[in-house]
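S.K.: What follows is the file query_16.txt, containing compact mmCIF, N, CA and C atoms:
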# COMPACT_ATOMS: atom_id res chain seq x y z
N MET A 7 63.17 0.36 90.52
CA MET A 7 62.53 1.56 90.00
C MET A 7 61.47 2.07 90.97
N GLY A 8 60.70 1.20 91.62
CA GLY A 8 59.65 1.59 92.54
C GLY A 8 60.18 2.33 93.75
N MET A 9 61.34 1.90 94.27
CA MET A 9 61.92 2.54 95.42
C MET A 9 62.41 3.96 95.07
N PHE A 10 62.99 4.11 93.90
CA PHE A 10 63.46 5.40 93.44
C PHE A 10 62.27 6.36 93.24
N THR A 11 61.17 5.88 92.69
CA THR A 11 59.97 6.68 92.47
C THR A 11 59.37 7.11 93.80
N ASN A 12 59.32 6.20 94.77
CA ASN A 12 58.80 6.54 96.10
C ASN A 12 59.65 7.62 96.78
N LEU A 13 60.97 7.52 96.61
CA LEU A 13 61.87 8.52 97.19
C LEU A 13 61.62 9.90 96.58
N ILE A 14 61.53 9.96 95.27
CA ILE A 14 61.27 11.22 94.58
C ILE A 14 59.90 11.79 95.00
N ASP A 15 58.88 10.93 95.08
CA ASP A 15 57.54 11.37 95.50
C ASP A 15 57.57 11.95 96.92
N ARG A 16 58.29 11.29 97.84
CA ARG A 16 58.36 11.78 99.21
C ARG A 16 59.11 13.11 99.29
N ILE A 17 60.17 13.26 98.52
CA ILE A 17 60.92 14.52 98.51
C ILE A 17 60.04 15.64 97.97
N LEU A 18 59.35 15.37 96.86
CA LEU A 18 58.47 16.40 96.28
C LEU A 18 57.31 16.74 97.22
N HIS A 19 56.75 15.72 97.85
CA HIS A 19 55.64 15.93 98.77
C HIS A 19 56.09 16.78 99.98
N ALA A 20 57.26 16.49 100.53
CA ALA A 20 57.79 17.26 101.66
C ALA A 20 58.07 18.70 101.24
N SER A 21 58.62 18.87 100.05
CA SER A 21 58.89 20.22 99.55
C SER A 21 57.59 20.99 99.35
N TRP A 22 56.58 20.31 98.80
CA TRP A 22 55.28 20.95 98.59
C TRP A 22 54.65 21.37 99.92
N ASP A 23 54.71 20.50 100.93
CA ASP A 23 54.16 20.83 102.25
C ASP A 23 54.89 22.01 102.88
N ARG A 24 56.21 22.06 102.75
CA ARG A 24 57.00 23.16 103.30
C ARG A 24 56.62 24.48 102.63
N ALA A 25 56.45 24.47 101.32
CA ALA A 25 56.06 25.68 100.59
C ALA A 25 54.66 26.12 100.99
N ARG A 26 53.75 25.17 101.15
CA ARG A 26 52.38 25.49 101.54
C ARG A 26 52.33 26.08 102.95
N ARG A 27 53.12 25.52 103.89
CA ARG A 27 53.18 26.07 105.23
C ARG A 27 53.74 27.49 105.25
N ALA A 28 54.79 27.71 104.47
CA ALA A 28 55.38 29.06 104.41
C ALA A 28 54.39 30.06 103.82
N ARG A 29 53.65 29.66 102.79
CA ARG A 29 52.65 30.55 102.19
C ARG A 29 51.54 30.84 103.18
N ARG A 30 51.08 29.85 103.93
CA ARG A 30 50.03 30.04 104.92
C ARG A 30 50.50 30.98 106.02
N GLU A 31 51.74 30.82 106.49
CA GLU A 31 52.26 31.71 107.53
C GLU A 31 52.37 33.15 107.04
N ARG A 32 52.80 33.32 105.77
CA ARG A 32 52.86 34.68 105.21
C ARG A 32 51.47 35.28 105.12
N ASN A 33 50.48 34.51 104.67
CA ASN A 33 49.11 35.01 104.57
C ASN A 33 48.55 35.36 105.94
N GLU A 34 48.82 34.55 106.94
CA GLU A 34 48.35 34.84 108.30
C GLU A 34 48.99 36.11 108.84
N ALA A 35 50.26 36.33 108.51
CA ALA A 35 50.94 37.54 108.96
C ALA A 35 50.33 38.77 108.31
N VAL A 36 49.99 38.66 107.02
CA VAL A 36 49.36 39.80 106.32
C VAL A 36 47.98 40.06 106.89
N ILE A 37 47.20 39.01 107.11
CA ILE A 37 45.85 39.18 107.67
C ILE A 37 45.93 39.80 109.06
N ALA A 38 46.88 39.37 109.88
CA ALA A 38 47.01 39.92 111.23
C ALA A 38 47.41 41.39 111.19
N SER A 39 48.17 41.78 110.18
CA SER A 39 48.62 43.18 110.14
C SER A 39 47.50 44.13 109.72
N VAL A 40 46.48 43.66 109.02
CA VAL A 40 45.38 44.53 108.59
C VAL A 40 44.07 44.21 109.30
N SER A 41 44.09 43.27 110.20
CA SER A 41 42.88 42.86 110.89
C SER A 41 42.42 43.93 111.87
N PRO A 42 41.10 44.20 111.93
CA PRO A 42 40.61 45.17 112.91
C PRO A 42 40.68 44.64 114.34
N ASP A 43 40.92 43.34 114.51
CA ASP A 43 41.03 42.79 115.86
C ASP A 43 42.34 43.17 116.53
N VAL A 44 43.33 43.56 115.72
CA VAL A 44 44.62 43.93 116.27
C VAL A 44 44.56 45.42 116.63
N PRO A 45 44.70 45.78 117.91
CA PRO A 45 44.57 47.18 118.30
C PRO A 45 45.75 48.02 117.81
N ARG A 46 45.47 49.30 117.58
CA ARG A 46 46.53 50.23 117.21
C ARG A 46 47.36 50.55 118.44
N GLN A 47 48.49 51.18 118.22
CA GLN A 47 49.34 51.57 119.34
C GLN A 47 48.62 52.55 120.26
N TYR A 48 47.93 53.53 119.66
CA TYR A 48 47.28 54.57 120.44
C TYR A 48 45.80 54.58 120.09
N THR A 49 44.93 54.44 121.06
CA THR A 49 43.50 54.42 120.78
C THR A 49 42.75 55.48 121.57
N GLY A 50 43.45 56.46 122.09
CA GLY A 50 42.82 57.50 122.90
C GLY A 50 42.32 58.66 122.06
N VAL A 51 42.16 59.79 122.71
CA VAL A 51 41.66 61.00 122.07
C VAL A 51 42.79 62.00 122.01
N SER A 52 43.00 62.58 120.85
CA SER A 52 43.98 63.66 120.75
C SER A 52 43.23 64.96 120.50
N ARG A 53 43.67 66.00 121.18
CA ARG A 53 43.03 67.32 121.06
C ARG A 53 44.10 68.35 120.77
N ASN A 54 43.75 69.32 119.94
CA ASN A 54 44.66 70.44 119.73
C ASN A 54 43.85 71.69 119.43
N PHE A 55 44.47 72.83 119.67
CA PHE A 55 43.80 74.08 119.38
C PHE A 55 44.79 75.06 118.78
N THR A 56 44.24 76.01 118.02
CA THR A 56 45.05 77.02 117.35
C THR A 56 44.39 78.38 117.55
N VAL A 57 45.17 79.37 117.93
CA VAL A 57 44.68 80.74 118.07
C VAL A 57 44.89 81.42 116.72
N LYS A 58 43.81 81.99 116.16
CA LYS A 58 43.89 82.62 114.85
C LYS A 58 43.35 84.04 114.91
N GLU A 59 43.96 84.88 114.14
CA GLU A 59 43.53 86.27 114.04
C GLU A 59 42.58 86.41 112.85
N ALA A 60 41.50 87.17 113.07
CA ALA A 60 40.55 87.48 112.01
C ALA A 60 40.56 88.99 111.79
N LEU A 61 39.78 89.45 110.81
CA LEU A 61 39.74 90.88 110.53
C LEU A 61 39.22 91.68 111.72
N ASN A 62 38.22 91.13 112.42
CA ASN A 62 37.60 91.89 113.50
C ASN A 62 37.80 91.26 114.88
N GLY A 63 38.85 90.47 115.04
CA GLY A 63 39.10 89.90 116.36
C GLY A 63 39.91 88.62 116.29
N THR A 64 39.72 87.81 117.30
CA THR A 64 40.49 86.57 117.44
C THR A 64 39.52 85.42 117.67
N PHE A 65 39.87 84.26 117.13
CA PHE A 65 39.09 83.06 117.43
C PHE A 65 40.05 81.89 117.65
N ILE A 66 39.53 80.90 118.35
CA ILE A 66 40.33 79.72 118.66
C ILE A 66 39.63 78.53 118.02
N GLU A 67 40.40 77.83 117.22
CA GLU A 67 39.88 76.63 116.56
C GLU A 67 40.41 75.42 117.32
N PHE A 68 39.53 74.52 117.70
CA PHE A 68 40.00 73.31 118.37
C PHE A 68 39.44 72.07 117.70
N ASN A 69 40.29 71.05 117.68
CA ASN A 69 39.97 69.79 117.01
C ASN A 69 40.11 68.64 118.00
N ARG A 70 39.25 67.67 117.82
CA ARG A 70 39.32 66.44 118.62
C ARG A 70 39.34 65.27 117.66
N HIS A 71 40.26 64.36 117.85
CA HIS A 71 40.38 63.17 117.02
C HIS A 71 40.40 61.96 117.94
N LYS A 72 39.38 61.13 117.82
CA LYS A 72 39.31 59.93 118.65
C LYS A 72 39.60 58.73 117.75
N TRP A 73 40.67 58.03 118.07
CA TRP A 73 41.05 56.85 117.30
C TRP A 73 40.06 55.73 117.56
N ASN A 74 39.71 55.00 116.52
CA ASN A 74 38.78 53.89 116.67
C ASN A 74 39.23 52.79 115.73
N HIS A 75 39.62 51.65 116.25
CA HIS A 75 40.12 50.58 115.40
C HIS A 75 39.01 49.67 114.87
N GLN A 76 37.75 49.89 115.28
CA GLN A 76 36.66 49.04 114.81
C GLN A 76 35.88 49.66 113.67
N ARG A 77 35.94 50.98 113.54
CA ARG A 77 35.25 51.66 112.44
C ARG A 77 35.98 52.97 112.18
N ALA A 78 35.38 53.86 111.44
CA ALA A 78 36.05 55.12 111.10
C ALA A 78 36.33 55.94 112.36
N ASP A 79 37.46 56.63 112.34
CA ASP A 79 37.82 57.50 113.47
C ASP A 79 36.82 58.65 113.58
N ASP A 80 36.68 59.18 114.80
CA ASP A 80 35.79 60.31 115.04
C ASP A 80 36.58 61.61 115.02
N TYR A 81 36.10 62.56 114.23
CA TYR A 81 36.72 63.88 114.16
C TYR A 81 35.70 64.93 114.55
N GLU A 82 36.17 65.96 115.25
CA GLU A 82 35.29 67.07 115.60
C GLU A 82 36.11 68.35 115.52
N GLN A 83 35.53 69.37 114.91
CA GLN A 83 36.20 70.66 114.81
C GLN A 83 35.23 71.73 115.27
N CYS A 84 35.66 72.56 116.22
CA CYS A 84 34.81 73.63 116.76
C CYS A 84 35.60 74.93 116.78
N ILE A 85 34.86 76.04 116.82
CA ILE A 85 35.47 77.36 116.86
C ILE A 85 34.91 78.11 118.06
N TYR A 86 35.80 78.75 118.80
CA TYR A 86 35.43 79.59 119.93
C TYR A 86 35.84 81.02 119.59
N ILE A 87 34.88 81.93 119.58
CA ILE A 87 35.17 83.33 119.27
C ILE A 87 35.51 84.05 120.57
N VAL A 88 36.68 84.68 120.58
CA VAL A 88 37.12 85.42 121.76
C VAL A 88 36.32 86.71 121.82
N ARG A 89 35.64 86.92 122.95
CA ARG A 89 34.79 88.11 123.12
C ARG A 89 35.63 89.36 123.30
N ASP A 90 35.04 90.49 123.01
CA ASP A 90 35.72 91.77 123.24
C ASP A 90 36.00 91.93 124.73
N GLY A 91 37.21 92.28 125.08
CA GLY A 91 37.59 92.47 126.47
C GLY A 91 38.02 91.20 127.18
N GLU A 92 37.83 90.05 126.58
CA GLU A 92 38.25 88.79 127.19
C GLU A 92 39.74 88.58 126.91
N THR A 93 40.48 88.25 127.94
CA THR A 93 41.91 88.03 127.73
C THR A 93 42.12 86.70 127.02
N LEU A 94 43.21 86.60 126.31
CA LEU A 94 43.51 85.37 125.57
C LEU A 94 43.73 84.20 126.53
N VAL A 95 44.29 84.47 127.69
CA VAL A 95 44.51 83.42 128.69
C VAL A 95 43.17 82.85 129.15
N ASP A 96 42.18 83.71 129.42
CA ASP A 96 40.86 83.24 129.83
C ASP A 96 40.18 82.46 128.71
N ALA A 97 40.34 82.93 127.49
CA ALA A 97 39.73 82.23 126.35
C ALA A 97 40.34 80.85 126.17
N ILE A 98 41.65 80.76 126.30
CA ILE A 98 42.31 79.45 126.18
C ILE A 98 41.87 78.52 127.31
N ALA A 99 41.74 79.06 128.52
CA ALA A 99 41.26 78.24 129.64
C ALA A 99 39.86 77.72 129.37
N THR A 100 39.00 78.57 128.80
CA THR A 100 37.64 78.15 128.46
C THR A 100 37.66 77.05 127.42
N VAL A 101 38.50 77.21 126.40
CA VAL A 101 38.61 76.20 125.34
C VAL A 101 39.10 74.88 125.92
N LEU A 102 40.08 74.92 126.80
CA LEU A 102 40.59 73.69 127.40
C LEU A 102 39.50 72.97 128.20
N VAL A 103 38.68 73.74 128.92
CA VAL A 103 37.57 73.13 129.66
C VAL A 103 36.56 72.53 128.69
N LEU A 104 36.22 73.27 127.64
CA LEU A 104 35.28 72.76 126.65
C LEU A 104 35.81 71.50 125.96
N MET A 105 37.08 71.49 125.64
CA MET A 105 37.67 70.32 124.99
C MET A 105 37.60 69.12 125.90
N ASP A 106 37.85 69.33 127.20
CA ASP A 106 37.80 68.23 128.13
C ASP A 106 36.38 67.69 128.27
N LYS A 107 35.40 68.58 128.36
CA LYS A 107 34.00 68.15 128.49
C LYS A 107 33.54 67.44 127.23
N ARG A 108 33.91 67.93 126.05
CA ARG A 108 33.50 67.29 124.79
C ARG A 108 34.12 65.91 124.68
N GLY A 109 35.31 65.74 125.19
CA GLY A 109 35.95 64.44 125.16
C GLY A 109 35.25 63.44 126.07
N ASP A 110 34.67 63.94 127.19
CA ASP A 110 33.94 63.07 128.11
C ASP A 110 32.63 62.60 127.51
N GLU A 111 32.00 63.46 126.70
CA GLU A 111 30.73 63.09 126.11
C GLU A 111 30.87 62.03 125.04
N ALA A 112 31.99 62.05 124.33
CA ALA A 112 32.17 61.14 123.20
C ALA A 112 32.43 59.73 123.65
Rewrite the structure of this file - the entire thing - as structure tokens.

M.R.:
Amino acid sequence: MGMFTNLIDRILHASWDRARRARRERNEAVIASVSPDVPRQYTGVSRNFTVKEALNGTFIEFNRHKWNHQRADDYEQCIYIVRDGETLVDAIATVLVLMDKRGDEA
């Protein structure tokens, strides 16, 4: 009877250890997937702009989004009003320069 009990105990103990290891590996995989130590695929700055028509002219809205995996992402939204007589090409060139400079400051 003692040998049979030892065999059953060893089988149950091995099964318990295997289940515990599998649970630990699953938990580690979940922690790694949400951990701030794991970098995102893209951590740079994305910029975009939109030309919009208003009642009395045109303005350009530009946005900057800087990804940050350690804390909240940085967002910035600015508006550039196209002056009377300024061509849209010159205004867009100005916005692109401003977007580049703002990205350097951040």

S.K.: Just to confirm, what's the straight-line distance from atom N of Tyr86 in chain A to CA of Glu59 in chain A in Å (one decimal)?

M.R.: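 Computing the Euclidean distance for atom N of Tyr86 in chain A and CA of Glu59 in chain A yields 11.8 Å.
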
S.K.: Mind pulling up the distance from CA of Leu94 in chain A to atom N of Trp73 in chain A?

M.R.: 28.5 Å

S.K.: Pick from A:Asp23, A:Asp96, A:Glu31, A:Glu67: nearest to Gln83 in chain A, with all atoms listed in the file counted?

M.R.: A:Glu67

S.K.: Rank nothing, just name the residue among A:Ala78, A:Leu61, A:Ile66, A:Met9 nearest to Ala97 in chain A, using all atoms listed in the file.

M.R.: A:Ile66

S.K.: Work out how far atom N of Arg89 in chain A is from CA of Val103 in chain A, in Å to one decimal.

M.R.: 15.5 Å

S.K.: Considering all atoms listed in the file, can you say which of A:Lys58, A:Gly63, A:Phe68, A:Ile17 comes closest to Ile85 in chain A?

M.R.: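 When distances to Ile85 in chain A are compared using all atoms listed in the file, the smallest one comes from A:Phe68.
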
S.K.: For Ile87 in chain A, which residue among A:Leu13, A:Phe65, A:Arg70, A:Leu104 is the nearest when counting all atoms listed in the file?

M.R.: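 With all atoms listed in the file as the atom set, the closest residue is A:Phe65.
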